Amino acid sequence: MMSSQSKFSALETGLEQAILAITQVGITSSDFQTSSQPVLNQQIQNLISSMKDIDDIRSQFNDVIVPLDVFEYIDSGKNPQLYTKDCLEKAVAKHREQQAKTDSLQVLRDNLSVELSKVFPDQMQQFQLARST
């Protein structure tokens, strides 16, 4: 069984070979001449071979889960590595928002406690005693 790093390296190499093969097919076919048919055939065979190599290692990636948002980043022309950064920024912002709410509730609790102690001193003293045990 391949290590996690080597399986991704193998996939990266396979994808690079497939991209190279696609590029070569594109270049040859864009300026196609009858005499270049054998070259084109070989390049197509190389592409097929590259695609088969990628397909052969496909089962090693069954445990890899890619969020659909990453594909949206790619489709919109953004670097998929920005997805992680954006997720972290959203999490930090949400944490700050929750912290502000928690702080506000703590101030409210403290103010209520002070005001209730003024109006109901005996009951608040009993409450404080019960709360401390």
# chains A, B, ... in the order shown; residues from 1 in each chain; ligands from 1
call {"tool": "select_by_dssp", "arguments": {"residues": "region 48-100 of chain A", "states": "helix (DSSP H, G or I)", "output": "short mmCIF file (atom, residue, chain, number, x, y, z; two decimals) with all heavy atoms, in the first residue's frame"}}
result
data_model
loop_
_atom_site.label_atom_id
_atom_site.label_comp_id
_atom_site.auth_asym_id
_atom_site.auth_seq_id
_atom_site.Cartn_x
_atom_site.Cartn_y
_atom_site.Cartn_z
N ILE A 48 -4.26 7.88 -24.00
CA ILE A 48 -5.04 6.75 -23.49
C ILE A 48 -4.28 6.04 -22.37
O ILE A 48 -4.85 5.70 -21.33
CB ILE A 48 -5.41 5.78 -24.63
CG1 ILE A 48 -6.40 6.45 -25.58
CG2 ILE A 48 -5.96 4.46 -24.08
CD1 ILE A 48 -6.62 5.70 -26.87
N SER A 49 -3.00 5.85 -22.57
CA SER A 49 -2.17 5.21 -21.56
C SER A 49 -2.13 6.04 -20.26
O SER A 49 -2.24 5.49 -19.16
CB SER A 49 -0.75 5.01 -22.10
OG SER A 49 0.09 4.48 -21.11
N SER A 50 -1.99 7.33 -20.40
CA SER A 50 -1.98 8.21 -19.22
C SER A 50 -3.31 8.14 -18.48
O SER A 50 -3.35 8.08 -17.25
CB SER A 50 -1.70 9.65 -19.63
OG SER A 50 -0.42 9.78 -20.18
N MET A 51 -4.40 8.16 -19.23
CA MET A 51 -5.72 8.09 -18.62
C MET A 51 -5.93 6.74 -17.93
O MET A 51 -6.52 6.66 -16.85
CB MET A 51 -6.82 8.34 -19.66
CG MET A 51 -6.76 9.72 -20.30
SD MET A 51 -6.91 11.07 -19.14
CE MET A 51 -8.64 10.99 -18.80
N LYS A 52 -5.41 5.66 -18.53
CA LYS A 52 -5.51 4.33 -17.92
C LYS A 52 -4.70 4.28 -16.62
O LYS A 52 -5.16 3.73 -15.63
CB LYS A 52 -5.02 3.26 -18.89
CG LYS A 52 -5.17 1.85 -18.35
CD LYS A 52 -4.63 0.83 -19.32
CE LYS A 52 -4.73 -0.58 -18.80
NZ LYS A 52 -4.21 -0.79 -17.45
N ASP A 53 -3.52 4.90 -16.61
CA ASP A 53 -2.70 4.94 -15.40
C ASP A 53 -3.44 5.66 -14.27
O ASP A 53 -3.40 5.23 -13.11
CB ASP A 53 -1.36 5.62 -15.66
CG ASP A 53 -0.45 4.81 -16.57
OD1 ASP A 53 -0.71 3.59 -16.76
OD2 ASP A 53 0.52 5.39 -17.10
N ILE A 54 -4.09 6.75 -14.60
CA ILE A 54 -4.87 7.49 -13.60
C ILE A 54 -6.02 6.63 -13.10
O ILE A 54 -6.29 6.56 -11.90
CB ILE A 54 -5.38 8.83 -14.18
CG1 ILE A 54 -4.20 9.76 -14.44
CG2 ILE A 54 -6.39 9.48 -13.24
CD1 ILE A 54 -4.57 11.00 -15.24
N ASP A 55 -6.69 5.96 -14.02
CA ASP A 55 -7.82 5.11 -13.64
C ASP A 55 -7.36 3.95 -12.75
O ASP A 55 -8.08 3.54 -11.85
CB ASP A 55 -8.53 4.58 -14.89
CG ASP A 55 -9.83 3.89 -14.56
OD1 ASP A 55 -10.70 4.55 -13.96
OD2 ASP A 55 -9.96 2.69 -14.90
N ASP A 56 -6.15 3.43 -12.99
CA ASP A 56 -5.64 2.30 -12.21
C ASP A 56 -5.42 2.67 -10.74
O ASP A 56 -5.56 1.81 -9.86
CB ASP A 56 -4.33 1.77 -12.80
CG ASP A 56 -4.53 1.05 -14.13
OD1 ASP A 56 -5.69 0.69 -14.44
OD2 ASP A 56 -3.53 0.86 -14.85
N ARG A 58 -7.14 5.05 -9.17
CA ARG A 58 -8.37 5.69 -8.69
C ARG A 58 -8.85 5.10 -7.37
O ARG A 58 -9.27 5.82 -6.46
CB ARG A 58 -9.45 5.55 -9.75
CG ARG A 58 -10.80 6.06 -9.36
CD ARG A 58 -11.77 5.93 -10.50
NE ARG A 58 -11.75 4.60 -11.06
CZ ARG A 58 -12.80 3.87 -11.35
NH1 ARG A 58 -13.99 4.39 -11.14
NH2 ARG A 58 -12.71 2.68 -11.86
N SER A 59 -8.78 3.79 -7.20
CA SER A 59 -9.31 3.14 -6.00
C SER A 59 -8.56 3.56 -4.73
O SER A 59 -9.09 3.44 -3.63
CB SER A 59 -9.26 1.62 -6.15
OG SER A 59 -7.91 1.20 -6.25
N GLN A 60 -7.35 4.07 -4.88
CA GLN A 60 -6.58 4.51 -3.71
C GLN A 60 -7.11 5.82 -3.13
O GLN A 60 -6.71 6.23 -2.05
CB GLN A 60 -5.11 4.69 -4.09
CG GLN A 60 -4.43 3.42 -4.52
CD GLN A 60 -3.02 3.70 -5.03
OE1 GLN A 60 -2.44 4.73 -4.74
NE2 GLN A 60 -2.49 2.76 -5.78
N PHE A 61 -8.02 6.46 -3.84
CA PHE A 61 -8.53 7.76 -3.41
C PHE A 61 -9.99 7.70 -2.98
O PHE A 61 -10.65 8.74 -2.86
CB PHE A 61 -8.35 8.79 -4.54
CG PHE A 61 -6.91 9.04 -4.85
CD1 PHE A 61 -6.26 8.30 -5.83
CD2 PHE A 61 -6.18 9.98 -4.15
CE1 PHE A 61 -4.92 8.51 -6.11
CE2 PHE A 61 -4.85 10.19 -4.42
CZ PHE A 61 -4.21 9.46 -5.40
N LEU A 68 -17.56 20.16 -2.25
CA LEU A 68 -18.03 20.65 -3.54
C LEU A 68 -17.65 22.11 -3.76
O LEU A 68 -17.45 22.54 -4.90
CB LEU A 68 -19.54 20.47 -3.66
CG LEU A 68 -20.02 19.03 -3.75
CD1 LEU A 68 -21.55 18.98 -3.79
CD2 LEU A 68 -19.44 18.33 -4.97
N ASP A 69 -17.52 22.87 -2.67
CA ASP A 69 -17.13 24.27 -2.81
C ASP A 69 -15.76 24.42 -3.46
O ASP A 69 -15.49 25.43 -4.12
CB ASP A 69 -17.12 24.96 -1.44
CG ASP A 69 -18.50 25.11 -0.84
OD1 ASP A 69 -19.49 24.95 -1.61
OD2 ASP A 69 -18.61 25.37 0.37
N VAL A 70 -14.88 23.45 -3.28
CA VAL A 70 -13.56 23.51 -3.90
C VAL A 70 -13.71 23.51 -5.42
O VAL A 70 -13.03 24.26 -6.13
CB VAL A 70 -12.66 22.33 -3.44
CG1 VAL A 70 -11.36 22.28 -4.22
CG2 VAL A 70 -12.38 22.44 -1.96
N PHE A 71 -14.63 22.69 -5.93
CA PHE A 71 -14.85 22.65 -7.37
C PHE A 71 -15.44 23.97 -7.86
O PHE A 71 -15.14 24.41 -8.97
CB PHE A 71 -15.75 21.47 -7.75
CG PHE A 71 -15.11 20.15 -7.47
CD1 PHE A 71 -15.56 19.33 -6.45
CD2 PHE A 71 -14.02 19.71 -8.22
CE1 PHE A 71 -14.96 18.12 -6.19
CE2 PHE A 71 -13.40 18.50 -7.96
CZ PHE A 71 -13.88 17.70 -6.94
N GLU A 72 -16.26 24.61 -7.04
CA GLU A 72 -16.80 25.92 -7.41
C GLU A 72 -15.67 26.95 -7.49
O GLU A 72 -15.67 27.81 -8.37
CB GLU A 72 -17.86 26.37 -6.41
CG GLU A 72 -19.13 25.54 -6.49
CD GLU A 72 -20.15 25.91 -5.43
OE1 GLU A 72 -20.04 27.01 -4.83
OE2 GLU A 72 -21.06 25.11 -5.20
N TYR A 73 -14.70 26.85 -6.57
CA TYR A 73 -13.53 27.74 -6.63
C TYR A 73 -12.78 27.53 -7.95
O TYR A 73 -12.39 28.48 -8.61
CB TYR A 73 -12.59 27.48 -5.46
CG TYR A 73 -12.88 28.31 -4.24
CD1 TYR A 73 -14.06 28.17 -3.53
CD2 TYR A 73 -11.96 29.24 -3.79
CE1 TYR A 73 -14.33 28.94 -2.42
CE2 TYR A 73 -12.22 30.01 -2.67
CZ TYR A 73 -13.40 29.85 -2.00
OH TYR A 73 -13.66 30.62 -0.90
N ILE A 74 -12.56 26.27 -8.29
CA ILE A 74 -11.83 25.95 -9.51
C ILE A 74 -12.60 26.45 -10.73
O ILE A 74 -12.02 27.06 -11.63
CB ILE A 74 -11.56 24.44 -9.61
CG1 ILE A 74 -10.60 24.01 -8.49
CG2 ILE A 74 -11.00 24.06 -10.97
CD1 ILE A 74 -10.50 22.51 -8.30
N ASP A 75 -13.92 26.20 -10.75
CA ASP A 75 -14.75 26.63 -11.88
C ASP A 75 -14.75 28.14 -12.05
O ASP A 75 -14.86 28.65 -13.17
CB ASP A 75 -16.18 26.13 -11.72
CG ASP A 75 -16.31 24.63 -11.94
OD1 ASP A 75 -15.38 24.03 -12.52
OD2 ASP A 75 -17.34 24.06 -11.52
N GLN A 81 -6.54 26.34 -3.18
CA GLN A 81 -5.93 26.47 -1.87
C GLN A 81 -6.50 27.65 -1.09
O GLN A 81 -6.40 27.71 0.13
CB GLN A 81 -4.42 26.58 -2.00
CG GLN A 81 -3.79 25.29 -2.50
CD GLN A 81 -2.29 25.41 -2.70
OE1 GLN A 81 -1.75 26.50 -2.73
NE2 GLN A 81 -1.65 24.27 -2.85
N LEU A 82 -7.12 28.59 -1.80
CA LEU A 82 -7.77 29.72 -1.13
C LEU A 82 -9.01 29.26 -0.36
O LEU A 82 -9.47 29.95 0.55
CB LEU A 82 -8.17 30.79 -2.15
CG LEU A 82 -7.02 31.53 -2.81
CD1 LEU A 82 -7.56 32.51 -3.85
CD2 LEU A 82 -6.18 32.27 -1.78
N TYR A 83 -9.56 28.11 -0.73
CA TYR A 83 -10.75 27.59 -0.05
C TYR A 83 -10.47 27.42 1.44
O TYR A 83 -11.27 27.84 2.28
CB TYR A 83 -11.17 26.26 -0.68
CG TYR A 83 -12.31 25.59 0.06
CD1 TYR A 83 -13.61 26.05 -0.09
CD2 TYR A 83 -12.08 24.52 0.90
CE1 TYR A 83 -14.66 25.45 0.58
CE2 TYR A 83 -13.11 23.91 1.58
CZ TYR A 83 -14.40 24.38 1.42
OH TYR A 83 -15.42 23.79 2.11
N THR A 84 -9.33 26.82 1.78
CA THR A 84 -8.99 26.60 3.18
C THR A 84 -8.84 27.93 3.90
O THR A 84 -9.35 28.10 5.01
CB THR A 84 -7.68 25.78 3.29
OG1 THR A 84 -7.85 24.56 2.58
CG2 THR A 84 -7.33 25.49 4.73
N LYS A 85 -8.16 28.87 3.28
CA LYS A 85 -7.98 30.18 3.88
C LYS A 85 -9.33 30.84 4.13
O LYS A 85 -9.58 31.39 5.21
CB LYS A 85 -7.12 31.05 2.96
CG LYS A 85 -6.91 32.46 3.47
CD LYS A 85 -6.15 33.29 2.44
CE LYS A 85 -6.12 34.73 2.89
NZ LYS A 85 -6.21 35.67 1.82
N ASP A 86 -10.21 30.80 3.13
CA ASP A 86 -11.53 31.41 3.27
C ASP A 86 -12.36 30.73 4.36
O ASP A 86 -13.07 31.39 5.12
CB ASP A 86 -12.28 31.39 1.94
CG ASP A 86 -11.67 32.34 0.91
OD1 ASP A 86 -10.83 33.18 1.29
OD2 ASP A 86 -12.01 32.22 -0.28
N CYS A 87 -12.25 29.41 4.45
CA CYS A 87 -12.97 28.68 5.50
C CYS A 87 -12.48 29.10 6.88
O CYS A 87 -13.28 29.29 7.81
CB CYS A 87 -12.81 27.17 5.33
SG CYS A 87 -13.82 26.49 4.02
N LEU A 88 -11.17 29.23 7.03
CA LEU A 88 -10.62 29.66 8.32
C LEU A 88 -11.05 31.07 8.66
O LEU A 88 -11.39 31.36 9.82
CB LEU A 88 -9.09 29.55 8.30
CG LEU A 88 -8.53 28.14 8.34
CD1 LEU A 88 -7.02 28.16 8.17
CD2 LEU A 88 -8.89 27.46 9.64
N GLU A 89 -11.05 31.95 7.67
CA GLU A 89 -11.49 33.33 7.92
C GLU A 89 -12.96 33.37 8.34
O GLU A 89 -13.33 34.12 9.24
CB GLU A 89 -11.26 34.19 6.68
CG GLU A 89 -9.80 34.51 6.43
CD GLU A 89 -9.54 35.23 5.13
OE1 GLU A 89 -10.48 35.39 4.30
OE2 GLU A 89 -8.38 35.63 4.91
N LYS A 90 -13.79 32.55 7.70
CA LYS A 90 -15.20 32.48 8.08
C LYS A 90 -15.36 31.94 9.49
O LYS A 90 -16.19 32.41 10.27
CB LYS A 90 -15.98 31.60 7.09
CG LYS A 90 -16.20 32.23 5.75
CD LYS A 90 -16.90 31.27 4.80
CE LYS A 90 -16.96 31.82 3.38
NZ LYS A 90 -17.53 30.84 2.43
N ALA A 91 -14.55 30.93 9.84
CA ALA A 91 -14.63 30.35 11.19
C ALA A 91 -14.20 31.36 12.24
O ALA A 91 -14.83 31.46 13.31
CB ALA A 91 -13.76 29.09 11.27
N VAL A 92 -13.15 32.11 11.96
CA VAL A 92 -12.70 33.14 12.91
C VAL A 92 -13.78 34.21 13.08
O VAL A 92 -14.06 34.65 14.20
CB VAL A 92 -11.35 33.76 12.44
CG1 VAL A 92 -11.02 35.02 13.20
CG2 VAL A 92 -10.24 32.74 12.58
N ALA A 93 -14.38 34.64 11.98
CA ALA A 93 -15.44 35.65 12.05
C ALA A 93 -16.63 35.13 12.86
O ALA A 93 -17.20 35.86 13.69
CB ALA A 93 -15.88 36.05 10.64
N LYS A 94 -17.00 33.88 12.63
CA LYS A 94 -18.12 33.28 13.37
C LYS A 94 -17.78 33.17 14.85
O LYS A 94 -18.62 33.41 15.71
CB LYS A 94 -18.44 31.89 12.78
CG LYS A 94 -19.68 31.28 13.31
CD LYS A 94 -20.90 32.03 12.84
CE LYS A 94 -22.16 31.29 13.21
NZ LYS A 94 -23.35 32.05 12.94
N HIS A 95 -16.52 32.82 15.14
CA HIS A 95 -16.08 32.72 16.53
C HIS A 95 -16.17 34.08 17.22
O HIS A 95 -16.65 34.18 18.36
CB HIS A 95 -14.65 32.19 16.61
CG HIS A 95 -14.08 32.21 17.99
ND1 HIS A 95 -14.48 31.35 18.97
CD2 HIS A 95 -13.15 33.02 18.55
CE1 HIS A 95 -13.83 31.61 20.08
NE2 HIS A 95 -13.01 32.63 19.85
N ARG A 96 -15.73 35.12 16.54
CA ARG A 96 -15.81 36.48 17.10
C ARG A 96 -17.26 36.88 17.36
O ARG A 96 -17.58 37.49 18.38
CB ARG A 96 -15.14 37.48 16.17
CG ARG A 96 -13.64 37.38 16.17
CD ARG A 96 -13.00 38.44 15.29
NE ARG A 96 -11.56 38.27 15.28
CZ ARG A 96 -10.79 38.46 14.24
NH1 ARG A 96 -11.32 38.86 13.09
NH2 ARG A 96 -9.50 38.29 14.32
N GLU A 97 -18.13 36.53 16.41
CA GLU A 97 -19.55 36.84 16.57
C GLU A 97 -20.12 36.13 17.79
O GLU A 97 -20.83 36.73 18.60
CB GLU A 97 -20.28 36.42 15.29
CG GLU A 97 -21.76 36.69 15.28
CD GLU A 97 -22.41 36.19 14.01
OE1 GLU A 97 -21.82 36.33 12.93
OE2 GLU A 97 -23.52 35.64 14.10
N GLN A 98 -19.81 34.85 17.92
CA GLN A 98 -20.30 34.07 19.07
C GLN A 98 -19.71 34.60 20.37
O GLN A 98 -20.39 34.64 21.39
CB GLN A 98 -19.96 32.60 18.89
CG GLN A 98 -20.75 31.89 17.80
CD GLN A 98 -22.24 31.97 18.03
OE1 GLN A 98 -22.94 32.66 17.31
NE2 GLN A 98 -22.73 31.27 19.02
N GLN A 99 -18.44 34.99 20.34
CA GLN A 99 -17.80 35.53 21.55
C GLN A 99 -18.47 36.82 21.97
O GLN A 99 -18.69 37.06 23.16
CB GLN A 99 -16.30 35.76 21.30
CG GLN A 99 -15.53 36.10 22.55
CD GLN A 99 -15.51 34.98 23.56
OE1 GLN A 99 -15.32 33.83 23.20
NE2 GLN A 99 -15.74 35.30 24.81
N ALA A 100 -18.82 37.67 21.00
CA ALA A 100 -19.51 38.92 21.31
C ALA A 100 -20.88 38.64 21.94
O ALA A 100 -21.28 39.30 22.91
CB ALA A 100 -19.67 39.76 20.05
#
call {"tool": "atom_distance", "arguments": {"atom1": "CA of Ala18 (chain A)", "atom2": "CA of Ser76 (chain A)"}}
result
22.6 Å
call {"tool": "atom_distance", "arguments": {"atom1": "CA of Gln45 (chain A)", "atom2": "CA of Glu16 (chain A)"}}
result
15.7 Å
